[in-house]
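**Student:** Just passing along the structure, written as structure tokens.
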Amino acid sequence: MKFVSNIGWIHKRPTELQIDILNVENLVIVIPLDSVRAVIAGSSLEESIFNNRREEIGTMYLSSNGGALYLDVYCGEEVTSYSTPIRLVKAVIDNSAQKPISQIIEERDSTNNMPRHDYYSALCRYLSISGSSIDIRSQLEVYRKAAIKLISGYREGNLSNINYDDLDIQTAYMLCYFPSYIENVFQTLSFVDLEQLRDVFEGHLMVSLYGCGPAPDFLGLLAYINRHFRGEVSTIDPYFFERGGWEKWRDFCIGELAQNYCDGISINPHHCSFNLLECDRVEYLKSFNPVMDSNLHIFQNCATELFQATRRVDSVLAIFLNFIEVMKPGSIILINDFIGKGDSFKILLKLKKKLLEMNDIVLLDVKYNADEYSPEVIRHPEVNSVIDGWYREARKEPRKRVGFSYCIAKKC
Ligand SMILES: C[S@@+](CC[C@H](N)C(=O)[O-])C[C@H]1O[C@@H](n2cnc3c(N)ncnc32)[C@H](O)[C@@H]1O
């Protein structure tokens, strides 16, 4: 059993709880408050749950250890289960706070982990951070302000104040976020039937990574190739498309980290200055040959940024649809984004619906669009304790698990 975090929100209404499930369009679960109280108190083992037309759609019960409320929604033969800790339900009932709900996924292979890696030791060497615990704390202090600004910006969903050209912000990102984003591509590709990918991961691979920043997504891709297509991909030409400023950290990523994820493949990196916001014009896209020639297109953690910049889901969709229009037959588009307050769900769900209507596109994972994992990064006790302190200063719990939504499709 696997939980996928924050895919919905619970709200309190006068006589009922309303749960909006964000990864299923229009699914609203309504539960009478009296039923919730009865299940939590143990005076009822099971109660009905309803949709917003007050039709019964499933049941609600306590988990075996009594710590969580489970909601099973029936659709024909299929059951989709959602869960939320009892303490969150109580917080909603007592003070009307909005709280998250998770989805339970049963059939994902939780043994398909990435190899564990010692990211922080490599980063400390690169930053010349060493010595006693006190030395490490004082050497990291210089990044504290930037880290708190970054964490607070993401927590508030306000990315407009984040200047990715600021070198301290970049280092803070490498400390606090980069290791959490190495696996998304590995995980997403792992949900796809290998046969659908075989012609892409063969011989020479040309991959474009957009809004890639320091390119953690490239490492996840290498780890996936190493696991499933070792010896079949001989060379990779990654095209790193960015608005600017991350070259130093991409050099670190390729020079210091890449060999831990995949050996025996020669990598010829290309850095391209590029503005995703201009991709609402197909002519702009067509002026970049790799966009039309790549076998694989990866957009990681930039959909929410585009939404923040444009404020319209349709504007973000128009950008992705232009890519789909110009990409070559047989190539794959993979979009993933961190789970925030629902923006990435909304965007990717709507995109998925549009792709389902297109004759020349095959969705490679129709059933799900979210996942969660614990990053396989070895903890560095001193560094991680400083980072945990920064999270708390920014009024956020240190991150243990990474949740993301995704969409992956192939052009015929
Ligand atoms: C949250 S970071 C994600 C970086 C990387 N993909 C990752 O997963 O760690 C968002 C990135 O999108 C880039 N970005 C945002 N808007 C962009 C635009 N209009 N054109 C190109 N890149 C953009 C930013 O510069 C930044 O590097």
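Starting from 1 in every chain, residues are counted up; chains themselves are A, B, ... following the order of the structure tokens, and ligands are numbered from 1 as listed.
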For chain A versus ligand 1, which residues have an atom no more than 7 Å away, and what is each residue's nearest atom pair and distance in Å rounded to one decimal, using only C-alpha atoms and all ligand atoms, chain-then-number order, as a tab-separated table?

**Tutor:**
residue	atom	partner	partner_atom_place_in_ligand_line	distance
A:Tyr164	CA	ligand 1	25 (O)	5.7
A:Tyr177	CA	ligand 1	9 (O)	6.9
A:Phe178	CA	ligand 1	9 (O)	5.5
A:Tyr181	CA	ligand 1	8 (O)	5.5
A:Tyr210	CA	ligand 1	22 (N)	6.6
A:Gly211	CA	ligand 1	22 (N)	3.8
A:Cys212	CA	ligand 1	6 (N)	3.7
A:Gly213	CA	ligand 1	27 (O)	3.5
A:Pro214	CA	ligand 1	5 (C)	6.1
A:Ala215	CA	ligand 1	5 (C)	5.5
A:Pro216	CA	ligand 1	9 (O)	5.5
A:Asp217	CA	ligand 1	8 (O)	6.0
A:Phe241	CA	ligand 1	21 (C)	6.7
A:Glu242	CA	ligand 1	22 (N)	4.4
A:Arg243	CA	ligand 1	21 (C)	4.0
A:Gly244	CA	ligand 1	25 (O)	6.4
A:Phe274	CA	ligand 1	21 (C)	5.6
A:Asn275	CA	ligand 1	20 (N)	3.6
A:Leu276	CA	ligand 1	20 (N)	3.8
A:Leu277	CA	ligand 1	19 (N)	4.5
A:Phe299	CA	ligand 1	6 (N)	6.7
A:Gln300	CA	ligand 1	6 (N)	4.4
A:Asn301	CA	ligand 1	3 (C)	4.7
A:Cys302	CA	ligand 1	12 (O)	4.7
A:Glu305	CA	ligand 1	15 (C)	5.4
A:Leu306	CA	ligand 1	16 (N)	5.9

**Student:** Can those selected residues be exported to a file as an mmCIF file, in the first residue's frame so that it contains C-alpha atoms?

**Tutor:**
data_model
loop_
_atom_site.group_PDB
_atom_site.id
_atom_site.type_symbol
_atom_site.label_atom_id
_atom_site.label_comp_id
_atom_site.auth_asym_id
_atom_site.auth_seq_id
_atom_site.Cartn_x
_atom_site.Cartn_y
_atom_site.Cartn_z
ATOM 1 C CA TYR A 164 17.120 31.862 -9.749
ATOM 2 C CA TYR A 177 15.467 20.773 -3.165
ATOM 3 C CA PHE A 178 17.739 19.213 -5.783
ATOM 4 C CA TYR A 181 13.840 15.923 -7.487
ATOM 5 C CA TYR A 210 13.103 22.434 -20.336
ATOM 6 C CA GLY A 211 13.227 24.811 -17.354
ATOM 7 C CA CYS A 212 15.798 22.313 -16.171
ATOM 8 C CA GLY A 213 17.741 24.530 -13.730
ATOM 9 C CA PRO A 214 20.540 22.357 -12.305
ATOM 10 C CA ALA A 215 18.991 19.303 -14.035
ATOM 11 C CA PRO A 216 18.145 16.748 -11.313
ATOM 12 C CA ASP A 217 15.721 15.259 -13.873
ATOM 13 C CA PHE A 241 16.834 24.640 -22.057
ATOM 14 C CA GLU A 242 16.831 27.371 -19.422
ATOM 15 C CA ARG A 243 16.115 31.034 -19.073
ATOM 16 C CA GLY A 244 19.590 31.416 -17.622
ATOM 17 C CA PHE A 274 15.399 29.779 -23.930
ATOM 18 C CA ASN A 275 12.192 31.321 -22.641
ATOM 19 C CA LEU A 276 9.309 28.925 -22.117
ATOM 20 C CA LEU A 277 6.864 31.831 -22.032
ATOM 21 C CA PHE A 299 9.517 19.332 -18.291
ATOM 22 C CA GLN A 300 10.085 19.013 -14.577
ATOM 23 C CA ASN A 301 8.795 21.465 -11.986
ATOM 24 C CA CYS A 302 8.154 24.262 -14.423
ATOM 25 C CA GLU A 305 6.098 28.362 -12.576
ATOM 26 C CA LEU A 306 4.416 28.954 -15.939
#

**Student:** Using 10 Å as the limit and counting only C-alpha atoms, can you tabulate each residue of segment 290-332 of chain A that touches segment 347-361 of chain A, with its shortest atom-to-atom distance in Å and the two atoms involved, as a Markdown table?

**Tutor:**
| residue | atom | partner | partner_atom | distance |
| --- | --- | --- | --- | --- |
| A:Ala303 | CA | A:Ile347 | CA | 7.6 |
| A:Thr304 | CA | A:Ile347 | CA | 8.3 |
| A:Phe307 | CA | A:Ile347 | CA | 8.4 |
| A:Arg312 | CA | A:Ile347 | CA | 9.4 |
| A:Val313 | CA | A:Ile347 | CA | 5.9 |
| A:Asp314 | CA | A:Ile347 | CA | 8.2 |
| A:Ser315 | CA | A:Ile347 | CA | 10.0 |
| A:Val316 | CA | A:Ile347 | CA | 7.5 |
| A:Leu317 | CA | A:Leu351 | CA | 6.3 |
| A:Ala318 | CA | A:Leu351 | CA | 9.4 |
| A:Phe320 | CA | A:Leu351 | CA | 8.2 |
| A:Leu321 | CA | A:Leu351 | CA | 8.3 |
| A:Ile324 | CA | A:Ile361 | CA | 8.7 |
| A:Glu325 | CA | A:Asp360 | CA | 9.8 |
| A:Pro329 | CA | A:Asp360 | CA | 8.4 |
| A:Gly330 | CA | A:Ile361 | CA | 9.6 |
| A:Ile332 | CA | A:Ile361 | CA | 9.5 |

**Student:** How about saving the chosen residues, C-alpha atoms kept, as a PDB file, in the first residue's frame?

**Tutor:**
ATOM      1  CA  ALA A 303       4.374  23.926 -15.079  1.00  0.00           C
ATOM      2  CA  THR A 304       3.552  25.634 -11.787  1.00  0.00           C
ATOM      3  CA  PHE A 307       1.019  29.051 -14.273  1.00  0.00           C
ATOM      4  CA  ARG A 312      -4.121  30.922 -16.739  1.00  0.00           C
ATOM      5  CA  VAL A 313      -4.204  27.134 -17.037  1.00  0.00           C
ATOM      6  CA  ASP A 314      -5.082  27.483 -20.737  1.00  0.00           C
ATOM      7  CA  SER A 315      -1.953  29.562 -21.388  1.00  0.00           C
ATOM      8  CA  VAL A 316       0.215  26.835 -19.881  1.00  0.00           C
ATOM      9  CA  LEU A 317      -1.656  24.197 -21.890  1.00  0.00           C
ATOM     10  CA  ALA A 318      -1.150  26.213 -25.094  1.00  0.00           C
ATOM     11  CA  PHE A 320       2.639  22.304 -23.959  1.00  0.00           C
ATOM     12  CA  LEU A 321       0.350  21.739 -26.949  1.00  0.00           C
ATOM     13  CA  ILE A 324       3.325  18.390 -28.976  1.00  0.00           C
ATOM     14  CA  GLU A 325       2.586  19.891 -32.356  1.00  0.00           C
ATOM     15  CA  PRO A 329       6.594  11.113 -34.427  1.00  0.00           C
ATOM     16  CA  GLY A 330       7.848   8.413 -32.034  1.00  0.00           C
ATOM     17  CA  ILE A 332       7.885  11.165 -25.908  1.00  0.00           C
TER      18      ILE A 332
END

**Student:** Looking at A:Met114, A:Val36, A:Leu334, A:Val185, which one is nearest to Ile86 of chain A, with distances taken over only C-alpha atoms?

**Tutor:** A:Val36

**Student:** Per DSSP on the backbone, what are the helix (DSSP H, G or I) residues of segment 87-308 of chain A, as an MDAnalysis selection string?

**Tutor:** chainID A and resid 87:95 119:127 133:156 167:176 178:181 184:190 194:197 216:228 247:261 276:280 282:286 289:293 303:308

**Student:** Out of A:Arg395, A:Lys145, A:Arg116, A:His380, which residue has the shortest atom-to-atom distance to Thr171 of chain A when counting only C-alpha atoms?

**Tutor:**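 Between A:Arg395, A:Lys145, A:Arg116, A:His380, the residue approaching Thr171 of chain A most closely is A:Lys145.
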
**Student:** Nearest residue to Trp9 of chain A out of A:Pro100, A:Gly340, A:Pro290, A:Pro32, using only C-alpha atoms?

**Tutor:**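 Comparing A:Pro100, A:Gly340, A:Pro290, A:Pro32 against Trp9 of chain A, the winner is A:Pro100.
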
**Student:** Run DSSP on the backbone and tell me which residues of segment 17-90 of chain A come out as strand (DSSP E); list them as number ranges by chain.

**Tutor:** A: 17-21, 27-32, 47-50, 56-62, 68-75, 78-85

**Student:** Can you list, as a list in words, every protein, DNA or RNA residue that comes within 10 Å of Asp193 of chain A when you count only C-alpha atoms, leaving out same-chain residues fewer than 4 positions away?

**Tutor:** Leu189, Leu197, Arg198, Leu364 and Asp365 of chain A

**Student:** When you count only C-alpha atoms, which of these residues is closest to Asn336 of chain A: A:Gln308, A:Ser273, A:Ser374, A:Gln187?

**Tutor:**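 Of A:Gln308, A:Ser273, A:Ser374, A:Gln187, the one nearest Asn336 of chain A, counting only C-alpha atoms, is A:Gln187.
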
**Student:** Extract, using only C-alpha atoms, all DNA, RNA and protein residues at most 7 Å from Ile335 of chain A, discarding same-chain residues fewer than 2 positions from it, and format them as a list in words.

**Tutor:**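 Non-adjacent residues within range: Ile298, Phe299, Gln300, Ile333, Asp337, Tyr406, Cys407 and Ile408 of chain A.
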
**Student:** Which residues of segment 138-242 of chain A come within 12 Å of segment 388-392 of chain A, and for each one, what is the closest pair of atoms and their distance in Å to one decimal, counting only C-alpha atoms, sorted by chain and residue number, as JSON lines?

**Tutor:**
{"residue": "A:Leu140", "atom": "CA", "partner": "A:Trp390", "partner_atom": "CA", "distance": 10.7}
{"residue": "A:Glu141", "atom": "CA", "partner": "A:Trp390", "partner_atom": "CA", "distance": 10.0}
{"residue": "A:Tyr143", "atom": "CA", "partner": "A:Trp390", "partner_atom": "CA", "distance": 9.8}
{"residue": "A:Arg144", "atom": "CA", "partner": "A:Trp390", "partner_atom": "CA", "distance": 6.8}
{"residue": "A:Lys145", "atom": "CA", "partner": "A:Trp390", "partner_atom": "CA", "distance": 8.8}
{"residue": "A:Ala146", "atom": "CA", "partner": "A:Trp390", "partner_atom": "CA", "distance": 9.9}
{"residue": "A:Ala147", "atom": "CA", "partner": "A:Trp390", "partner_atom": "CA", "distance": 6.8}
{"residue": "A:Ile148", "atom": "CA", "partner": "A:Trp390", "partner_atom": "CA", "distance": 6.0}
{"residue": "A:Lys149", "atom": "CA", "partner": "A:Trp390", "partner_atom": "CA", "distance": 9.7}
{"residue": "A:Leu150", "atom": "CA", "partner": "A:Tyr391", "partner_atom": "CA", "distance": 9.8}
{"residue": "A:Ile151", "atom": "CA", "partner": "A:Tyr391", "partner_atom": "CA", "distance": 6.7}
{"residue": "A:Ser152", "atom": "CA", "partner": "A:Tyr391", "partner_atom": "CA", "distance": 8.4}
{"residue": "A:Gly153", "atom": "CA", "partner": "A:Tyr391", "partner_atom": "CA", "distance": 11.6}
{"residue": "A:Tyr154", "atom": "CA", "partner": "A:Tyr391", "partner_atom": "CA", "distance": 11.1}
{"residue": "A:Arg155", "atom": "CA", "partner": "A:Tyr391", "partner_atom": "CA", "distance": 9.9}
{"residue": "A:Ala172", "atom": "CA", "partner": "A:Trp390", "partner_atom": "CA", "distance": 10.2}
{"residue": "A:Leu175", "atom": "CA", "partner": "A:Asp388", "partner_atom": "CA", "distance": 10.8}
{"residue": "A:Cys176", "atom": "CA", "partner": "A:Tyr391", "partner_atom": "CA", "distance": 8.8}
{"residue": "A:Tyr177", "atom": "CA", "partner": "A:Tyr391", "partner_atom": "CA", "distance": 11.3}

**Student:** Any idea what's packed within 9 Å of Glu382 of chain A, counting only C-alpha atoms, ignoring anything in its chain fewer than 2 positions away? Could you give it as a CSV table (one decimal) with C-alpha atoms, in the first residue's frame?

**Tutor:**
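around12.csv, written as the output of this step:
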chain,number,residue,atom,x,y,z
A,132,SER,CA,33.4,19.5,12.8
A,133,SER,CA,29.7,19.9,13.3
A,134,ILE,CA,30.2,23.5,14.4
A,136,ILE,CA,29.8,22.8,9.0
A,137,ARG,CA,27.1,24.9,10.7
A,379,ARG,CA,21.4,11.6,5.1
A,380,HIS,CA,24.4,13.7,6.1
A,384,ASN,CA,20.5,17.7,7.1
A,385,SER,CA,20.1,19.0,10.6
A,386,VAL,CA,20.9,22.5,9.4
A,387,ILE,CA,18.5,22.2,6.5

**Student:** Between A:Glu232, A:Asp165, A:Asp280, A:Asp135, which one has atoms that come closest to Gly264 of chain A, using only C-alpha atoms?

**Tutor:** A:Glu232

**Student:** Have a look at A:Ile254, A:Val326, A:Met206, A:Ile57 and name the one nearest to Glu283 of chain A; count only C-alpha atoms.

**Tutor:**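 Closest residue, counting only C-alpha atoms: A:Val326.
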
**Student:** Would you mind listing what lies within 12 Å of Gly42 of chain A as a PyMOL selection string, with only C-alpha atoms counted and same-chain residues fewer than 2 positions away left out?

**Tutor:** chain A and resi 35-40+44-47+61-64+66+69

**Student:** Take atom CA of Ile339 of chain A and atom CA of Tyr239 of chain A and report the distance between them in Å, one decimal.

**Tutor:** 25.7 Å

**Student:** Residues near Leu17 of chain A, anyone? I mean within 6 Å using only C-alpha atoms, not counting same-chain ones fewer than 2 positions away, as a PyMOL selection string.

**Tutor:** chain A and resi 11-13+30-31
